[in-house]
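Participant: Dumping the structure here so I can ask a few things about it.
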Amino acid sequence: MKKSILFVGAEVMPFAATGGLGDVLGSLPTALAAADRELDVRVVMPLYSAVGEKFRSEMKTEAVFTVGLAWRQLYCGVLSLEKAGVKYYFIDNEYYFARDTLYGQYDDGERYAFFCSAVLQMMPQVNFFPDILHAHDWQAAMTVVYLRQQYSADPRYAAIRRVFTIHNIEYQGQYDFYILGDVFSLDNKDKETVAYDGCINLMKGAIECADLVTTVSPRYADEIMSPEYSHGLYHVLRRHAGKVCGILNGIDYVYYDPETDPVLAKNYSASSITGKRECRSSLRRDLNLPDDPGTPLIAVISRLASHKGLDLVEASLRGILWDTGAQFVVLGKGEARYENFFRGLEHEFPDQVRALITYDRDLSKRIYAAADIFVMPSKSEPCGLSQMIASRYGAIPVVRETGGLADSIHGYWENDGKMMGNGFTFANYDSGELYERTCAAVGLWRDTRRRPRFIKKIMQTDFSWNSSAKQYIALYERLA
Ligand code: GLC
């Protein structure tokens, strides 16, 4: 019998996204649908004002009804469109979602309480009760809680299995108990379920109520059992350890493909990497950097937040620039401290450094293609997609061994003349180790005999969804 899955999440590529969650929700459903024709895969997200006209003009209205949430009765429209074998639902309520950013609003708790209630109340309206509800991160956590706490008397809902995926445990959705009833529509009998550390914790509630909890790499699944990585939730996770597992993310191999990517100056592939040089020259021309073929280009593409390991970059970069003569390009924005550091460095090293303090997806792909070495020294990293994209575009990754970075990148060594590994890695959160491994990567790159062999090898590492989609399917089967 055909099995059905409803993905619930706050951002989905290409409709509206700010980070890795959007990448995953934009590519995993399609990969599942392609891997198993017996799966009916659907996705639901809010209809933000950021969702463009191009998509809106393709949508059809599925239902208009009133969502009950505590004492409020709220307008809800459900629109839909289909793309590559997946049906997408959009929850429309302009009061909540016609805002200028996806998150960071004063009433995010209420906005996502509405979204989660709407997702459950839309099911009879669109006549679709999935076999599995798969919720992602804290914004979708309440669907899992409501389903178990408030809908179990109705057999149509009681049959739905609940999967919750943690993309980043740092963001849990924490609120004062004061709004338990009025905003979240929970009563005192539900309080224990969502209570943690003196407040409402939505992620904790979902961990309690889910049949299975997954996270985005096996290593991160281990790490979040410890105080160091769990941002307080390790007690809860340890209690539920039997239902927690990690599955490594993949990336969209169609969107991220140097062989066909329309934004590159020249396309190339693992079997013919010469176009990569042209991509680097073209970026250097645009950034007004000298284009010496013997000078490697190091890149960082990241949110400029300290858990991304930027204090290590700050402490080691001058040494790397002096000692290797390499060039360095950073793309991203975030904390003022790092934005200022990189801008300052551009003045200090006018022929070597460019600070692009912005978000730009097309530009990011041009940088992945131009870069020889890609640095990602995160303090913690649930999965990380950039190291995979960098590999696909032939930039040698230098990463810290944490979370998904440790599961996807393995340190280079040679065995009987055979090159092993697919990057450079270091264990301790230490700027000396970052300096040393980055210089080692430059050393390998300067070895013109080994360089093309290694680049070809890293480009051929499989970071597609193929194997992970199969693991999700096995998980769903175990549940059903
Ligand atoms: C979050 C994590 C990142 C992960 C992404 C997709 O953004 O911080 O490591 O790759 O989610 O799961």
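How things are named: the first chain in the structure tokens is A, the next is B, and so on; residues count from 1 in each chain; ligands count from 1 in the order shown.
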Residues within 8 Å of ligand 1 should be enumerated using only C-alpha atoms and all ligand atoms and returned as an mmCIF file with N, CA, C and O atoms, in the first residue's frame.
Facilitator:
data_model
loop_
_atom_site.group_PDB
_atom_site.id
_atom_site.type_symbol
_atom_site.label_atom_id
_atom_site.label_comp_id
_atom_site.auth_asym_id
_atom_site.auth_seq_id
_atom_site.Cartn_x
_atom_site.Cartn_y
_atom_site.Cartn_z
ATOM 1 N N GLY A 19 18.570 29.245 5.538
ATOM 2 C CA GLY A 19 19.746 28.445 5.881
ATOM 3 C C GLY A 19 19.591 26.979 5.512
ATOM 4 O O GLY A 19 18.792 26.624 4.629
ATOM 5 N N GLY A 20 20.352 26.143 6.225
ATOM 6 C CA GLY A 20 20.440 24.720 5.893
ATOM 7 C C GLY A 20 19.115 23.976 5.991
ATOM 8 O O GLY A 20 18.851 23.047 5.218
ATOM 9 N N LEU A 21 18.269 24.374 6.944
ATOM 10 C CA LEU A 21 16.959 23.730 7.073
ATOM 11 C C LEU A 21 16.187 23.829 5.750
ATOM 12 O O LEU A 21 15.599 22.852 5.279
ATOM 13 N N GLY A 22 16.222 25.023 5.162
ATOM 14 C CA GLY A 22 15.531 25.238 3.893
ATOM 15 C C GLY A 22 16.107 24.379 2.769
ATOM 16 O O GLY A 22 15.371 23.841 1.945
ATOM 17 N N ASP A 23 17.422 24.216 2.765
ATOM 18 C CA ASP A 23 18.056 23.346 1.770
ATOM 19 C C ASP A 23 17.549 21.914 1.902
ATOM 20 O O ASP A 23 17.218 21.268 0.912
ATOM 21 N N VAL A 24 17.521 21.436 3.152
ATOM 22 C CA VAL A 24 17.136 20.039 3.374
ATOM 23 C C VAL A 24 15.656 19.831 3.040
ATOM 24 O O VAL A 24 15.290 18.876 2.355
ATOM 25 N N ILE A 166 15.869 17.133 14.631
ATOM 26 C CA ILE A 166 16.593 18.281 15.194
ATOM 27 C C ILE A 166 17.672 18.696 14.195
ATOM 28 O O ILE A 166 18.613 17.939 13.951
ATOM 29 N N HIS A 167 17.542 19.884 13.626
ATOM 30 C CA HIS A 167 18.584 20.391 12.729
ATOM 31 C C HIS A 167 19.621 21.190 13.499
ATOM 32 O O HIS A 167 20.760 21.313 13.072
ATOM 33 N N ASN A 168 19.180 21.796 14.592
ATOM 34 C CA ASN A 168 20.132 22.519 15.426
ATOM 35 C C ASN A 168 19.536 22.655 16.819
ATOM 36 O O ASN A 168 18.522 23.321 16.996
ATOM 37 N N THR A 215 18.407 13.255 14.054
ATOM 38 C CA THR A 215 19.174 14.469 13.846
ATOM 39 C C THR A 215 20.029 14.258 12.616
ATOM 40 O O THR A 215 19.997 13.174 12.024
ATOM 41 N N VAL A 216 20.760 15.303 12.198
ATOM 42 C CA VAL A 216 21.231 15.327 10.821
ATOM 43 C C VAL A 216 22.633 14.749 10.582
ATOM 44 O O VAL A 216 23.183 14.902 9.495
ATOM 45 N N ASN A 249 22.754 14.382 6.260
ATOM 46 C CA ASN A 249 22.090 15.058 5.146
ATOM 47 C C ASN A 249 22.826 14.825 3.836
ATOM 48 O O ASN A 249 24.024 14.525 3.821
ATOM 49 N N GLU A 381 28.561 21.556 14.783
ATOM 50 C CA GLU A 381 27.953 21.574 13.448
ATOM 51 C C GLU A 381 27.060 20.346 13.290
ATOM 52 O O GLU A 381 27.560 19.241 13.056
ATOM 53 N N PRO A 382 25.743 20.528 13.435
ATOM 54 C CA PRO A 382 24.843 19.374 13.359
ATOM 55 C C PRO A 382 25.107 18.537 12.104
ATOM 56 O O PRO A 382 25.273 17.321 12.190
ATOM 57 N N CYS A 383 25.126 19.172 10.962
ATOM 58 C CA CYS A 383 25.541 18.454 9.750
ATOM 59 C C CYS A 383 26.524 19.317 8.970
ATOM 60 O O CYS A 383 27.661 18.961 8.791
ATOM 61 N N GLY A 384 26.030 20.493 8.549
ATOM 62 C CA GLY A 384 26.858 21.333 7.689
ATOM 63 C C GLY A 384 26.668 20.871 6.253
ATOM 64 O O GLY A 384 26.780 19.684 5.947
ATOM 65 N N LEU A 385 26.342 21.813 5.396
ATOM 66 C CA LEU A 385 26.178 21.468 3.982
ATOM 67 C C LEU A 385 27.316 22.066 3.160
ATOM 68 O O LEU A 385 27.698 21.532 2.124
ATOM 69 N N SER A 386 27.895 23.176 3.661
ATOM 70 C CA SER A 386 28.900 23.900 2.871
ATOM 71 C C SER A 386 30.110 23.044 2.530
ATOM 72 O O SER A 386 30.661 23.147 1.429
ATOM 73 N N GLY A 403 30.344 16.891 14.765
ATOM 74 C CA GLY A 403 29.058 16.657 14.108
ATOM 75 C C GLY A 403 29.208 16.103 12.703
ATOM 76 O O GLY A 403 30.012 15.216 12.433
ATOM 77 N N GLY A 404 28.418 16.682 11.798
ATOM 78 C CA GLY A 404 28.405 16.202 10.418
ATOM 79 C C GLY A 404 29.707 16.457 9.680
ATOM 80 O O GLY A 404 29.994 15.795 8.670
#
Participant: Run DSSP on the backbone and grab whatever in stretch 70-249 of chain A lands in helix (DSSP H, G or I); send it over as a PyMOL selection string.
Facilitator: chain A and resi 94-97+108-126+137-150+155-158+177-179+188-194+202-209+218-223+234-239+241-243
Participant: When you look at A:Leu363 with a cut-off of 12 Å (counting only C-alpha atoms), what residues show up, excluding the ones that are within fewer than 3 positions of it in the same chain? I need them as a list in words.
Facilitator: Asp261, Pro262, Val263, Leu264, Ala265, Cys279, Ser282, Leu283, Asp286, Leu287, Ile301, Val329, Val330, Leu331, Gly332, Leu356, Ile357, Thr358, Tyr359, Asp360, Arg366, Ile367, Tyr368, Ala369 and Ala370 of chain A
Participant: Distance atom CA of A:Gln460-atom CA of A:Ser391, one decimal place?
Facilitator: 8.2 Å
Participant: Report as a ChimeraX atom specification all protein, DNA and RNA residues lying within 9 Å of stretch 293-295 of chain A, evaluated on only C-alpha atoms, omitting residues in the same chain fewer than 5 positions from it.
Facilitator: /A:277,281,324-327,446
Participant: Next, the residues of the selection above should be written as a JSON list (two decimals), in the first residue's frame with N, CA and C atoms.
Facilitator:
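Wrote it out as selection_19.json, contents follow:
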[["chain", "number", "residue", "atom", "x", "y", "z"],
["A", 277, "ARG", "N", 39.78, 26.62, -13.15],
["A", 277, "ARG", "CA", 40.76, 27.72, -13.17],
["A", 277, "ARG", "C", 40.11, 28.99, -13.73],
["A", 281, "SER", "N", 39.73, 32.71, -12.09],
["A", 281, "SER", "CA", 40.16, 33.96, -12.74],
["A", 281, "SER", "C", 39.01, 34.95, -12.84],
["A", 324, "THR", "N", 51.70, 31.68, 3.73],
["A", 324, "THR", "CA", 51.43, 30.94, 2.48],
["A", 324, "THR", "C", 51.31, 31.87, 1.28],
["A", 325, "GLY", "N", 51.05, 33.16, 1.52],
["A", 325, "GLY", "CA", 50.81, 34.09, 0.41],
["A", 325, "GLY", "C", 49.47, 33.87, -0.28],
["A", 326, "ALA", "N", 48.61, 33.02, 0.31],
["A", 326, "ALA", "CA", 47.32, 32.71, -0.31],
["A", 326, "ALA", "C", 46.40, 33.93, -0.28],
["A", 327, "GLN", "N", 45.36, 33.86, -1.12],
["A", 327, "GLN", "CA", 44.30, 34.86, -1.05],
["A", 327, "GLN", "C", 43.14, 34.30, -0.23],
["A", 446, "ARG", "N", 49.80, 22.95, -3.67],
["A", 446, "ARG", "CA", 50.99, 23.42, -4.43],
["A", 446, "ARG", "C", 51.71, 22.27, -5.12]]
Participant: I'd like the interatomic distance between atom CA of A:Thr101 and atom CA of A:Gly9, to a tenth of an Å.
Facilitator: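 These atoms are spaced 15.8 Å apart.
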Participant: Determine which residues of stretch 373-469 of chain A receive a DSSP assignment of strand (DSSP E), computed from the backbone, and state them as a list of chain:residue names.
Facilitator: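 Secondary structure check on stretch 373-469 of chain A, strand (DSSP E): A:Ile373, A:Phe374, A:Val375, A:Met376, A:Ile396, A:Pro397, A:Val398, A:Val399, A:Arg400, A:Trp413, A:Glu414, A:Asn415, A:Lys418, A:Met419, A:Met420, A:Phe424, A:Thr425, A:Phe426.
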Participant: Could the residues of stretch 152-189 of chain A that have an atom at most 10 Å from stretch 118-139 of chain A be listed as a tab-separated table, each with its closest atom pair and the distance in Å to one decimal, counting only C-alpha atoms and ordered by chain and ascending residue number?
Facilitator:
residue	atom	partner	partner_atom	distance
A:Arg156	CA	A:Phe129	CA	6.8
A:Tyr157	CA	A:Phe129	CA	7.2
A:Ala158	CA	A:Asp131	CA	10.0
A:Ala159	CA	A:Asp131	CA	6.9
A:Ile160	CA	A:Asp131	CA	4.9
A:Arg161	CA	A:Ile132	CA	4.7
A:Arg162	CA	A:Leu133	CA	5.2
A:Val163	CA	A:His134	CA	4.6
A:Phe164	CA	A:Ala135	CA	4.9
A:Thr165	CA	A:His136	CA	4.9
A:Ile166	CA	A:Asp137	CA	5.2
A:His167	CA	A:Asp137	CA	6.0
A:Asn168	CA	A:Asp137	CA	7.2
A:Ile169	CA	A:Asp137	CA	8.1
A:Glu170	CA	A:Trp138	CA	10.0
A:Tyr171	CA	A:Trp138	CA	6.9
A:Gln172	CA	A:Trp138	CA	5.4
A:Gly173	CA	A:Trp138	CA	5.6
A:Gln174	CA	A:Trp138	CA	9.2
Participant: Which residue, A:Lys418, A:Arg478, A:His410, A:Lys365, has the smallest gap to A:Ile458 when you use only C-alpha atoms?
Facilitator: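 Ranked by minimum distance to A:Ile458, first place goes to A:His410.
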Participant: Please list as a list in words every residue within 12 Å of A:Gly344, counting only C-alpha atoms and excluding residues in the same chain fewer than 4 positions away.
Facilitator: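 Once the adjacent positions are removed, what remains is Glu314, Arg318, Ala336, Arg337, Tyr338, Glu339, Asn340, Glu348, Phe349, Pro350, Val353, Arg354 and Ala355 of chain A.
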Participant: Fewer than 5 positions away in the same chain doesn't count, so skip those; otherwise give me all residues within 12 Å of A:Asp187, counting only C-alpha atoms, as a short mmCIF file (atom, residue, chain, number, x, y, z; two decimals) with N, CA, C and O atoms, in the first residue's frame.
Facilitator:
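Below is the file part.cif, written as the result:
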data_model
loop_
_atom_site.label_atom_id
_atom_site.label_comp_id
_atom_site.auth_asym_id
_atom_site.auth_seq_id
_atom_site.Cartn_x
_atom_site.Cartn_y
_atom_site.Cartn_z
N ALA A 70 -6.58 28.32 21.34
CA ALA A 70 -7.01 28.87 22.63
C ALA A 70 -8.36 29.55 22.42
O ALA A 70 -9.27 28.96 21.84
N TYR A 146 0.80 18.51 19.86
CA TYR A 146 -0.67 18.53 19.73
C TYR A 146 -1.20 17.17 19.31
O TYR A 146 -2.21 16.70 19.81
N GLN A 149 -1.07 14.91 22.38
CA GLN A 149 -1.78 15.35 23.59
C GLN A 149 -3.25 15.68 23.33
O GLN A 149 -4.06 15.58 24.23
N GLN A 150 -3.56 16.14 22.11
CA GLN A 150 -4.90 16.67 21.92
C GLN A 150 -5.72 15.97 20.84
O GLN A 150 -6.91 16.20 20.73
N PHE A 177 5.91 30.26 31.07
CA PHE A 177 4.68 29.49 31.32
C PHE A 177 3.42 30.34 31.22
O PHE A 177 2.33 29.85 30.98
N TYR A 178 3.61 31.62 31.44
CA TYR A 178 2.53 32.57 31.40
C TYR A 178 1.67 32.44 30.13
O TYR A 178 0.46 32.67 30.16
N ILE A 179 2.29 32.05 29.00
CA ILE A 179 1.52 32.00 27.75
C ILE A 179 1.12 30.57 27.35
O ILE A 179 0.67 30.32 26.23
N LEU A 180 1.24 29.62 28.30
CA LEU A 180 0.91 28.22 28.03
C LEU A 180 -0.50 28.05 27.45
O LEU A 180 -0.71 27.38 26.44
N GLY A 181 -1.46 28.68 28.08
CA GLY A 181 -2.86 28.53 27.65
C GLY A 181 -3.22 29.48 26.53
O GLY A 181 -3.64 29.06 25.45
N ASP A 182 -2.99 30.75 26.73
CA ASP A 182 -3.46 31.75 25.78
C ASP A 182 -2.78 31.66 24.43
O ASP A 182 -3.40 31.86 23.39
N GLU A 192 3.69 19.45 32.01
CA GLU A 192 4.87 18.62 32.25
C GLU A 192 5.58 18.26 30.93
O GLU A 192 6.79 18.21 30.85
N THR A 193 4.78 18.00 29.89
CA THR A 193 5.33 17.56 28.61
C THR A 193 6.26 18.60 28.00
O THR A 193 7.30 18.26 27.44
N VAL A 194 5.87 19.85 28.12
CA VAL A 194 6.69 20.89 27.47
C VAL A 194 7.60 21.63 28.45
O VAL A 194 8.40 22.47 28.04
N ALA A 195 7.47 21.31 29.76
CA ALA A 195 8.24 22.06 30.76
C ALA A 195 9.69 21.61 30.79
O ALA A 195 9.99 20.42 30.80
#
Participant: Quick one: pull the distance between atom CA of A:Cys245 and atom CA of A:Ser217, Å, one decimal.
Facilitator: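 Between atom CA of A:Cys245 and atom CA of A:Ser217 the gap is 8.3 Å.
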Participant: Please identify all polymer residues within 9 Å of stretch 33-38 of chain A, counting only C-alpha atoms, omitting same-chain residues fewer than 6 positions from it, and present them as a list in words.
Facilitator: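 Here the qualifying residues turn out to be Met1, Lys2, Lys3, Ser4, Ala84, Gly85, Val86, Asn466, Ala469, Lys470 and Ile473 of chain A.
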Participant: Quick one: of A:Tyr48, A:Ala16, A:Ser117, A:Leu202, who's nearest to A:Phe97, counting only C-alpha atoms?
Facilitator: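 Ranked by minimum distance to A:Phe97, first place goes to A:Tyr48.
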Participant: Taking only C-alpha atoms into account, name the residue in A:Gly319, A:Cys209, A:Phe454, A:Val442 that is nearest to A:Ser152.
Facilitator: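 The answer is A:Cys209, which sits nearest to A:Ser152.
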